[in-house]
Amino acid sequence: MAKQRTEVADIDRSLYDFKDSEEGFERLAEGLTPEIVTEISRRKDEPDWMLEFRLKSLEIYNSFPDPTWGPSIAGLDMDHIATYVKPNTDQSATWEDVPDDIKNTFERLGIPEAERSYLAGVGAQYDSELVYHNMQDTASKMGIVYSGIEEALHEPRWEALIREKFMTLIPPTDHKFAALHGAVWSGGSFVYVPAGTKLDFPLQSYFRLNAKGAGQFEHTLIIVEDDADLHFIEGCSAPKYNVANLHAGAVELFVGKRAHLRYSTIENWSKNMYNLNTKRARVEEDGEIEWISGSFGSHVGYLYPMSVLTGRRARSSFTGITFAGAGQNLDTGTKVVMAAPDTRATVETKGISKGGGIQTFRSSIVVTPAAEGAQATVSCQSLMLDDESRSDTIPAMDVRAKNVDIGHEATIGRIGDDKVFYLMSRGISEEEARAMIVNGFANPVAKELPLEYAVEMNNLIKLEMEGAIG
Amino acid sequence: MPTTPLLSVTGLTAAVDEKEILHNIDLTVAPGETHVLMGPNGAGKSTLGHVIMGDPVYTQTAGTITFDGEDVTELSPDKRSRAGLFLSFQAPVEIPGVPLSSFLRATLAARPDRALKGKEFRRRVKELCAELDMDPSYLNRELGVGFSGGEKKKVEMLQLLLLQPKLAILDETDSGLDVDALSVVSRGMDLYRKTCDGSLIIITHNTRILEHVDVDRVHVMVQGRMVREDNASLIPWIDENGFESFEQGAEDAADADGQASGAGALDGIDAGDLSAVVER
């Protein structure tokens, strides 16, 4: 009898795949030299310490080998990546002042609309620079600061704080692309939430890389003081080019005592992107970091948001979903360092691979001798939608404390034929049956995504029938 | 006067992993009739139910399945379902992340003539829950996940009554149930017969569930073959004597097949058998 095979359609990226002209943009020469780094710093009119930091980072970068683990980055030729592309505009606080084509891009991505309907503030970065930054008056009256990080660096009040925190969670010595970031970083947001302040609506930064063969190196620094509460959303996308693009941003989050930060990311870079991003949070006593992480784009991704729990009873939760389609090798997961008593960590991830895509879950839980009474649970589930695709699980645990409770479970599977048959025996078509199973699999994580992305996510898991004689 | 059969299975042969497990099965069910399919464990009763429903695990190598005047042999399971066939699973699956209510809605949405509006749907499902002693909070739970055996069977009955098929095959719906769940299942079967005037094939090796059912025909399967068909009087007889006396019949038939294909002695084998042999 004829059997039919179904296939999940590639994620429809046409929404993201429009390119704007670079006319009037300033593009620094490709490659990496002290001259280019100095030129970036000069254009930004930075304090001297930052230029020194950049040059030192460049030295460190040059001394590091490429990673010897994880997906290949051989296709990334740093000599041909433009590290700095400035759009033909300065930062604006109203969309009217943003040039039309850039504004239209963000309109198509739904950013101004989201801002009007439910966000407390928005930052929009285009290539190397922020083009828009604005926050509602109510939030600024509460004493919350949400601005471009370069802008903040020019205010003496924040310069000292930034200097104290900048790349201390992610030092340039951490790895090669952290060093690169230290050398050429540009753009990104600075958020300061004063003690006891709770913001009910999220702030959102959106990063758009339009320039061909360029890198984006934004730096996000968020300080949530004691007893404060913030939800921050980060989205990113790019049109597809036939040359490599690079994203090596850095996100540093400081969560105070009894403070709470929810950091949601939807990464939907195009499939020529090398996403070598680093994110880290330090959490003090009774504080909590919640990571929500959706990885759908990029050709190669290395992404492991990390929580360092330094205070007693500090908590970290990581909820992630990764979808690797044709031509994608996404290595994602999380790291937690539990360095104080009675700290808690939960990790729940879902991975989906299809069309020859490779999806790897990688995690590291380190429990230091100081973390007596720590509790951690790691749960990762992977679903392979066809025989060409691959899913792997690489969980590491290093436990050096007493009286800890550490649990781990991992499953890797395929869509059960018995489940498809059951649904079909009730009249549901094969494609719908498979979509239902995949959506059900992703659902516990997808429902944590910000609303507009959760809807998008369900659309992404769209199925196509392909007739074949089995 | 003979009525046009609702289901007509002729010369059905099926294999799994190239091993033939159903041999030359004939089965005819008229509209409104209740049939019982009995036999020892491993006789192929469930397999037959699954093959009639189109389970791709099995390859049908010969024979035809005609349902409601249409040859459904080549149809996919969803099309057979929409044509009015229903199979209640012995072990219903779990679909994590899919709420029971969403699933039920999808089963109706697949039948444009049966689609219910939001309000009607909720009312109808609530009525059925009440009739089956089901807590309506079930509807928000993930399909099958964490359901007890009895709860899973109730959900099967709920679908039977919601979808109102023309023919329902109940695969060991009674197995492993306590007395209360069993009475709910009996009630479900009763309701189905009364409200839908549908036909039933009850697969069981336990005659207890049949006590309150008017059975028209009884079929006995052994070793992948139909070895006996009779009226309801066969049930108490099997209760008393078990299936042992049927085993010899199945072995004789297997020997006959063996000679037929092995030595080419085709004499005495009817056309249905012949096609099975040729196909192999």
# chains A, B, ... in the order shown; residues from 1 in each chain; ligands from 1
>>> interface_residues(of="chain B", to="chain A", cutoff="6 Å", atoms="only C-alpha atoms", output="list in words")
Pro77, Asp78, Ser81, Arg82, Pro96, Gly97, Val98, Thr107 and Ala110 of chain B
>>> write_last_selection(atoms="N, CA and C atoms", output="short mmCIF file (atom, residue, chain, number, x, y, z; two decimals), in the first residue's frame")
data_model
loop_
_atom_site.label_atom_id
_atom_site.label_comp_id
_atom_site.auth_asym_id
_atom_site.auth_seq_id
_atom_site.Cartn_x
_atom_site.Cartn_y
_atom_site.Cartn_z
N PRO B 77 -6.25 6.01 7.24
CA PRO B 77 -7.13 5.85 8.41
C PRO B 77 -8.08 7.03 8.63
N ASP B 78 -7.59 8.27 8.34
CA ASP B 78 -8.46 9.43 8.59
C ASP B 78 -9.66 9.40 7.66
N SER B 81 -12.07 6.86 8.89
CA SER B 81 -12.79 7.41 10.04
C SER B 81 -13.92 8.32 9.58
N ARG B 82 -13.60 9.16 8.61
CA ARG B 82 -14.62 10.11 8.14
C ARG B 82 -15.73 9.40 7.39
N PRO B 96 1.19 14.44 24.80
CA PRO B 96 1.50 15.53 25.74
C PRO B 96 1.28 16.90 25.11
N GLY B 97 0.80 17.82 25.90
CA GLY B 97 0.67 19.21 25.45
C GLY B 97 -0.59 19.49 24.66
N VAL B 98 -1.38 18.47 24.35
CA VAL B 98 -2.62 18.69 23.59
C VAL B 98 -3.82 18.44 24.51
N THR B 107 -11.28 16.56 16.00
CA THR B 107 -11.93 15.39 15.39
C THR B 107 -13.25 15.79 14.73
N ALA B 110 -12.75 17.92 11.48
CA ALA B 110 -12.39 17.12 10.30
C ALA B 110 -13.64 16.64 9.57
#
>>> residues_around(residues="range 243-256 of chain B", least_positions_apart="4", cutoff="7 Å", atoms="only C-alpha atoms", output="PyMOL selection string")
chain B and resi 39-40+222-223+225+227+238+260
>>> select_by_dssp(residues="range 27-150 of chain B", states="helix (DSSP H, G or I)", output="ChimeraX atom specification")
/B:45-53,77-83,100-109,118-131,136-140,149-150
>>> write_last_selection(atoms="C-alpha atoms", output="short mmCIF file (atom, residue, chain, number, x, y, z; two decimals), in the first residue's frame")
data_model
loop_
_atom_site.label_atom_id
_atom_site.label_comp_id
_atom_site.auth_asym_id
_atom_site.auth_seq_id
_atom_site.Cartn_x
_atom_site.Cartn_y
_atom_site.Cartn_z
CA LYS B 45 -8.33 -10.10 16.95
CA SER B 46 -6.78 -6.69 17.68
CA THR B 47 -4.68 -6.92 14.56
CA LEU B 48 -7.81 -7.43 12.49
CA GLY B 49 -9.40 -4.36 14.12
CA HIS B 50 -6.30 -2.30 13.34
CA VAL B 51 -6.07 -3.53 9.74
CA ILE B 52 -9.73 -2.69 9.14
CA MET B 53 -8.94 0.82 10.45
CA PRO B 77 -7.13 5.85 8.41
CA ASP B 78 -8.46 9.43 8.59
CA LYS B 79 -10.57 8.86 5.48
CA ARG B 80 -11.90 5.56 6.85
CA SER B 81 -12.79 7.41 10.04
CA ARG B 82 -14.62 10.11 8.14
CA ALA B 83 -16.45 7.40 6.18
CA LEU B 100 -8.46 16.73 25.40
CA SER B 101 -10.94 19.44 24.43
CA SER B 102 -8.72 20.71 21.58
CA PHE B 103 -8.32 17.19 20.31
CA LEU B 104 -12.08 16.56 20.39
CA ARG B 105 -12.67 19.81 18.52
CA ALA B 106 -10.17 18.72 15.86
CA THR B 107 -11.93 15.39 15.39
CA LEU B 108 -15.21 17.20 14.73
CA ALA B 109 -13.59 19.91 12.61
CA GLY B 118 -18.20 26.67 20.33
CA LYS B 119 -21.23 26.76 22.57
CA GLU B 120 -22.93 23.68 21.12
CA PHE B 121 -19.68 21.81 21.33
CA ARG B 122 -19.20 22.62 25.00
CA ARG B 123 -22.81 21.69 25.81
CA ARG B 124 -22.63 18.42 23.90
CA VAL B 125 -19.33 17.37 25.47
CA LYS B 126 -20.61 18.27 28.93
CA GLU B 127 -23.72 16.13 28.42
CA LEU B 128 -21.57 13.19 27.36
CA CYS B 129 -19.27 13.67 30.37
CA ALA B 130 -22.30 13.49 32.64
CA GLU B 131 -23.56 10.34 30.95
CA PRO B 136 -15.55 17.82 32.96
CA SER B 137 -12.14 18.94 34.25
CA TYR B 138 -10.79 16.02 32.16
CA LEU B 139 -11.33 18.22 29.14
CA ASN B 140 -8.52 20.56 30.11
CA GLY B 149 -6.84 2.79 32.41
CA GLY B 150 -10.51 3.35 33.22
#
>>> residues_around(residues="range 200-215 of chain A", least_positions_apart="3", cutoff="8 Å", atoms="only C-alpha atoms", output="PyMOL selection string")
chain A and resi 19-20+22+80-85+111+118-128+189+230-239+241+243-248
>>> closest_residue(among="B:Leu160, B:Val93, B:Ala181, B:Leu27", to="Asp133 in chain B", atoms="only C-alpha atoms")
B:Ala181
>>> residues_around(residues="range 187-192 of chain B", least_positions_apart="2", cutoff="10 Å", atoms="only C-alpha atoms", output="VMD selection string")
chain B and resid 128 131 to 132 154 156 to 158 160 to 162 164 to 166 168 170 181 to 185 194 to 200 202 212 to 213
>>> write_last_selection(atoms="C-alpha atoms", output="PDB file, in the first residue's frame")
ATOM      1  CA  LEU B 128     -21.568  13.193  27.364  1.00  0.00           C
ATOM      2  CA  GLU B 131     -23.562  10.336  30.954  1.00  0.00           C
ATOM      3  CA  LEU B 132     -20.167   8.678  31.300  1.00  0.00           C
ATOM      4  CA  LYS B 154     -14.118   6.526  29.178  1.00  0.00           C
ATOM      5  CA  GLU B 156     -12.742   6.405  24.057  1.00  0.00           C
ATOM      6  CA  MET B 157     -16.447   6.054  24.805  1.00  0.00           C
ATOM      7  CA  LEU B 158     -16.833   9.816  24.829  1.00  0.00           C
ATOM      8  CA  LEU B 160     -17.600   7.098  20.174  1.00  0.00           C
ATOM      9  CA  LEU B 161     -20.686   9.018  21.260  1.00  0.00           C
ATOM     10  CA  LEU B 162     -19.427  12.343  19.944  1.00  0.00           C
ATOM     11  CA  GLN B 164     -21.381   8.694  16.080  1.00  0.00           C
ATOM     12  CA  PRO B 165     -19.724   6.336  13.604  1.00  0.00           C
ATOM     13  CA  LYS B 166     -21.693   3.814  11.572  1.00  0.00           C
ATOM     14  CA  ALA B 168     -17.462   0.848  15.953  1.00  0.00           C
ATOM     15  CA  LEU B 170     -14.258  -1.921  20.407  1.00  0.00           C
ATOM     16  CA  ALA B 181     -15.669   1.560  34.837  1.00  0.00           C
ATOM     17  CA  LEU B 182     -17.069  -1.564  33.243  1.00  0.00           C
ATOM     18  CA  SER B 183     -20.612  -0.410  33.855  1.00  0.00           C
ATOM     19  CA  VAL B 184     -19.770   2.982  32.332  1.00  0.00           C
ATOM     20  CA  VAL B 185     -18.413   1.265  29.245  1.00  0.00           C
ATOM     21  CA  LYS B 194     -29.722   3.414  20.914  1.00  0.00           C
ATOM     22  CA  THR B 195     -28.794   6.888  19.721  1.00  0.00           C
ATOM     23  CA  CYS B 196     -26.839   6.061  16.574  1.00  0.00           C
ATOM     24  CA  ASP B 197     -28.324   2.711  15.595  1.00  0.00           C
ATOM     25  CA  GLY B 198     -24.727   1.844  14.754  1.00  0.00           C
ATOM     26  CA  SER B 199     -23.113  -1.515  14.258  1.00  0.00           C
ATOM     27  CA  LEU B 200     -20.611  -2.945  16.718  1.00  0.00           C
ATOM     28  CA  ILE B 202     -16.811  -6.172  20.184  1.00  0.00           C
ATOM     29  CA  HIS B 212     -26.310  -7.139  28.785  1.00  0.00           C
ATOM     30  CA  VAL B 213     -25.769  -6.987  25.043  1.00  0.00           C
TER      31      VAL B 213
END
>>> select_by_dssp(residues="range 259-387 of chain A", states="strand (DSSP E or B)", output="PyMOL selection string")
chain A and resi 260-268+273-276+278-283+288-295+300-303+306-309+315-324+329-338+344-353+358-367+375-384
>>> write_last_selection(atoms="C-alpha atoms", output="PDB file, in the first residue's frame")
ATOM      1  CA  HIS A 260      13.355  39.394  39.961  1.00  0.00           C
ATOM      2  CA  LEU A 261      14.328  39.589  36.305  1.00  0.00           C
ATOM      3  CA  ARG A 262      12.693  37.752  33.450  1.00  0.00           C
ATOM      4  CA  TYR A 263      14.815  37.869  30.320  1.00  0.00           C
ATOM      5  CA  SER A 264      13.061  36.634  27.174  1.00  0.00           C
ATOM      6  CA  THR A 265      14.838  36.204  23.871  1.00  0.00           C
ATOM      7  CA  ILE A 266      13.565  35.189  20.489  1.00  0.00           C
ATOM      8  CA  GLU A 267      16.435  34.694  18.114  1.00  0.00           C
ATOM      9  CA  ASN A 268      15.447  34.422  14.481  1.00  0.00           C
ATOM     10  CA  MET A 273      24.413  33.918  10.652  1.00  0.00           C
ATOM     11  CA  TYR A 274      26.995  32.706  13.114  1.00  0.00           C
ATOM     12  CA  ASN A 275      25.372  33.420  16.443  1.00  0.00           C
ATOM     13  CA  LEU A 276      28.152  33.331  19.037  1.00  0.00           C
ATOM     14  CA  THR A 278      27.154  35.266  25.487  1.00  0.00           C
ATOM     15  CA  LYS A 279      24.683  35.984  28.280  1.00  0.00           C
ATOM     16  CA  ARG A 280      25.240  35.902  31.974  1.00  0.00           C
ATOM     17  CA  ALA A 281      23.375  36.838  35.137  1.00  0.00           C
ATOM     18  CA  ARG A 282      24.578  37.215  38.706  1.00  0.00           C
ATOM     19  CA  VAL A 283      21.864  36.726  41.315  1.00  0.00           C
ATOM     20  CA  GLU A 288      15.600  35.240  40.817  1.00  0.00           C
ATOM     21  CA  ILE A 289      16.543  35.161  37.162  1.00  0.00           C
ATOM     22  CA  GLU A 290      14.173  33.582  34.638  1.00  0.00           C
ATOM     23  CA  TRP A 291      15.577  32.942  31.198  1.00  0.00           C
ATOM     24  CA  ILE A 292      13.129  32.338  28.353  1.00  0.00           C
ATOM     25  CA  SER A 293      15.023  31.473  25.225  1.00  0.00           C
ATOM     26  CA  GLY A 294      13.724  30.647  21.754  1.00  0.00           C
ATOM     27  CA  SER A 295      16.335  29.833  19.111  1.00  0.00           C
ATOM     28  CA  VAL A 300      25.474  28.029  13.526  1.00  0.00           C
ATOM     29  CA  GLY A 301      24.549  28.880  17.080  1.00  0.00           C
ATOM     30  CA  TYR A 302      26.439  28.603  20.336  1.00  0.00           C
ATOM     31  CA  LEU A 303      24.184  29.913  23.086  1.00  0.00           C
ATOM     32  CA  MET A 306      24.475  31.368  32.406  1.00  0.00           C
ATOM     33  CA  SER A 307      23.313  32.088  35.927  1.00  0.00           C
ATOM     34  CA  VAL A 308      25.744  32.605  38.776  1.00  0.00           C
ATOM     35  CA  LEU A 309      23.855  32.246  42.036  1.00  0.00           C
ATOM     36  CA  ARG A 315      17.067  30.996  42.043  1.00  0.00           C
ATOM     37  CA  SER A 316      17.513  30.448  38.343  1.00  0.00           C
ATOM     38  CA  SER A 317      15.087  28.987  35.882  1.00  0.00           C
ATOM     39  CA  PHE A 318      15.813  28.391  32.246  1.00  0.00           C
ATOM     40  CA  THR A 319      13.079  27.582  29.726  1.00  0.00           C
ATOM     41  CA  GLY A 320      14.286  27.098  26.193  1.00  0.00           C
ATOM     42  CA  ILE A 321      13.183  25.884  22.807  1.00  0.00           C
ATOM     43  CA  THR A 322      15.418  25.324  19.805  1.00  0.00           C
ATOM     44  CA  PHE A 323      14.271  24.518  16.296  1.00  0.00           C
ATOM     45  CA  ALA A 324      17.021  23.438  13.885  1.00  0.00           C
ATOM     46  CA  ASN A 329      23.563  23.468  13.586  1.00  0.00           C
ATOM     47  CA  LEU A 330      22.299  24.905  16.842  1.00  0.00           C
ATOM     48  CA  ASP A 331      24.175  24.113  20.024  1.00  0.00           C
ATOM     49  CA  THR A 332      22.129  25.582  22.850  1.00  0.00           C
ATOM     50  CA  GLY A 333      21.545  25.125  26.543  1.00  0.00           C
ATOM     51  CA  THR A 334      22.471  26.765  29.778  1.00  0.00           C
ATOM     52  CA  LYS A 335      24.999  26.961  32.564  1.00  0.00           C
ATOM     53  CA  VAL A 336      24.367  27.461  36.248  1.00  0.00           C
ATOM     54  CA  VAL A 337      26.922  28.002  38.971  1.00  0.00           C
ATOM     55  CA  MET A 338      25.391  27.430  42.378  1.00  0.00           C
ATOM     56  CA  ARG A 344      17.679  26.489  43.254  1.00  0.00           C
ATOM     57  CA  ALA A 345      17.972  25.874  39.549  1.00  0.00           C
ATOM     58  CA  THR A 346      15.477  24.455  37.095  1.00  0.00           C
ATOM     59  CA  VAL A 347      16.120  23.822  33.433  1.00  0.00           C
ATOM     60  CA  GLU A 348      13.433  22.785  30.976  1.00  0.00           C
ATOM     61  CA  THR A 349      14.202  22.627  27.286  1.00  0.00           C
ATOM     62  CA  LYS A 350      12.630  21.326  24.102  1.00  0.00           C
ATOM     63  CA  GLY A 351      14.597  20.731  20.934  1.00  0.00           C
ATOM     64  CA  ILE A 352      13.241  20.020  17.473  1.00  0.00           C
ATOM     65  CA  SER A 353      15.299  19.056  14.463  1.00  0.00           C
ATOM     66  CA  ILE A 358      21.359  19.386  14.060  1.00  0.00           C
ATOM     67  CA  GLN A 359      20.143  20.371  17.498  1.00  0.00           C
ATOM     68  CA  THR A 360      22.308  19.835  20.550  1.00  0.00           C
ATOM     69  CA  PHE A 361      21.364  20.512  24.136  1.00  0.00           C
ATOM     70  CA  ARG A 362      24.401  21.290  26.244  1.00  0.00           C
ATOM     71  CA  SER A 363      24.272  22.193  29.912  1.00  0.00           C
ATOM     72  CA  SER A 364      26.553  22.560  32.859  1.00  0.00           C
ATOM     73  CA  ILE A 365      25.467  22.650  36.483  1.00  0.00           C
ATOM     74  CA  VAL A 366      28.266  23.413  38.903  1.00  0.00           C
ATOM     75  CA  VAL A 367      27.541  23.138  42.613  1.00  0.00           C
ATOM     76  CA  GLN A 375      18.462  21.810  44.431  1.00  0.00           C
ATOM     77  CA  ALA A 376      18.635  21.489  40.677  1.00  0.00           C
ATOM     78  CA  THR A 377      16.498  19.740  38.098  1.00  0.00           C
ATOM     79  CA  VAL A 378      17.357  19.479  34.430  1.00  0.00           C
ATOM     80  CA  SER A 379      14.854  18.200  31.920  1.00  0.00           C
ATOM     81  CA  CYS A 380      15.521  18.201  28.207  1.00  0.00           C
ATOM     82  CA  GLN A 381      13.411  16.647  25.515  1.00  0.00           C
ATOM     83  CA  SER A 382      14.216  16.416  21.853  1.00  0.00           C
ATOM     84  CA  LEU A 383      12.086  15.485  18.901  1.00  0.00           C
ATOM     85  CA  MET A 384      13.528  14.539  15.533  1.00  0.00           C
TER      86      MET A 384
END
>>> residues_around(residues="Arg312 in chain A", least_positions_apart="5", cutoff="7 Å", atoms="only C-alpha atoms", output="ChimeraX atom specification")
/A:285-286,340-343
>>> write_last_selection(atoms="N, CA and C atoms", output="mmCIF file, in the first residue's frame")
data_model
loop_
_atom_site.group_PDB
_atom_site.id
_atom_site.type_symbol
_atom_site.label_atom_id
_atom_site.label_comp_id
_atom_site.auth_asym_id
_atom_site.auth_seq_id
_atom_site.Cartn_x
_atom_site.Cartn_y
_atom_site.Cartn_z
ATOM 1 N N GLU A 285 21.132 37.200 47.086
ATOM 2 C CA GLU A 285 20.286 36.484 48.037
ATOM 3 C C GLU A 285 18.790 36.634 47.728
ATOM 4 N N ASP A 286 18.091 35.508 47.641
ATOM 5 C CA ASP A 286 16.644 35.474 47.401
ATOM 6 C C ASP A 286 16.219 36.123 46.080
ATOM 7 N N ALA A 340 26.059 29.317 46.561
ATOM 8 C CA ALA A 340 25.599 29.710 47.889
ATOM 9 C C ALA A 340 24.597 28.662 48.377
ATOM 10 N N PRO A 341 24.394 28.593 49.703
ATOM 11 C CA PRO A 341 23.506 27.562 50.241
ATOM 12 C C PRO A 341 22.064 27.726 49.758
ATOM 13 N N ASP A 342 21.388 26.591 49.658
ATOM 14 C CA ASP A 342 19.949 26.555 49.369
ATOM 15 C C ASP A 342 19.568 27.270 48.071
ATOM 16 N N THR A 343 20.455 27.310 47.134
ATOM 17 C CA THR A 343 20.122 27.881 45.831
ATOM 18 C C THR A 343 19.313 26.847 45.029
#
>>> residues_around(residues="Thr66 in chain B", least_positions_apart="2", cutoff="8 Å", atoms="only C-alpha atoms", output="PyMOL selection string")
chain B and resi 6-9+64+68-73
>>> write_last_selection(atoms="N, CA and C atoms", output="PDB file, in the first residue's frame")
ATOM      1  N   LEU B   6     -22.878  -3.599   5.810  1.00  0.00           N
ATOM      2  CA  LEU B   6     -22.211  -2.329   6.095  1.00  0.00           C
ATOM      3  C   LEU B   6     -20.710  -2.503   5.920  1.00  0.00           C
ATOM      4  N   LEU B   7     -20.219  -3.599   6.489  1.00  0.00           N
ATOM      5  CA  LEU B   7     -18.794  -3.923   6.365  1.00  0.00           C
ATOM      6  C   LEU B   7     -18.657  -5.287   5.733  1.00  0.00           C
ATOM      7  N   SER B   8     -17.802  -5.366   4.736  1.00  0.00           N
ATOM      8  CA  SER B   8     -17.563  -6.651   4.109  1.00  0.00           C
ATOM      9  C   SER B   8     -16.061  -6.826   3.898  1.00  0.00           C
ATOM     10  N   VAL B   9     -15.501  -7.754   4.653  1.00  0.00           N
ATOM     11  CA  VAL B   9     -14.072  -8.051   4.534  1.00  0.00           C
ATOM     12  C   VAL B   9     -13.964  -9.388   3.823  1.00  0.00           C
ATOM     13  N   THR B  64     -10.052  -7.485   0.221  1.00  0.00           N
ATOM     14  CA  THR B  64     -10.654  -6.156   0.127  1.00  0.00           C
ATOM     15  C   THR B  64     -11.480  -5.861   1.374  1.00  0.00           C
ATOM     16  N   ASP B  68     -19.765   0.526   3.770  1.00  0.00           N
ATOM     17  CA  ASP B  68     -20.854   1.414   3.386  1.00  0.00           C
ATOM     18  C   ASP B  68     -20.869   1.629   1.868  1.00  0.00           C
ATOM     19  N   GLY B  69     -20.653   0.543   1.161  1.00  0.00           N
ATOM     20  CA  GLY B  69     -20.724   0.593  -0.286  1.00  0.00           C
ATOM     21  C   GLY B  69     -19.482   1.099  -0.991  1.00  0.00           C
ATOM     22  N   GLU B  70     -18.422   1.394  -0.220  1.00  0.00           N
ATOM     23  CA  GLU B  70     -17.214   1.956  -0.815  1.00  0.00           C
ATOM     24  C   GLU B  70     -16.032   1.040  -0.513  1.00  0.00           C
ATOM     25  N   ASP B  71     -15.179   0.821  -1.516  1.00  0.00           N
ATOM     26  CA  ASP B  71     -13.966   0.045  -1.280  1.00  0.00           C
ATOM     27  C   ASP B  71     -12.968   0.948  -0.539  1.00  0.00           C
ATOM     28  N   VAL B  72     -12.700   0.634   0.714  1.00  0.00           N
ATOM     29  CA  VAL B  72     -11.820   1.507   1.511  1.00  0.00           C
ATOM     30  C   VAL B  72     -10.420   0.909   1.669  1.00  0.00           C
ATOM     31  N   THR B  73     -10.157  -0.183   0.955  1.00  0.00           N
ATOM     32  CA  THR B  73      -8.892  -0.905   1.127  1.00  0.00           C
ATOM     33  C   THR B  73      -7.674   0.013   1.026  1.00  0.00           C
TER      34      THR B  73
END
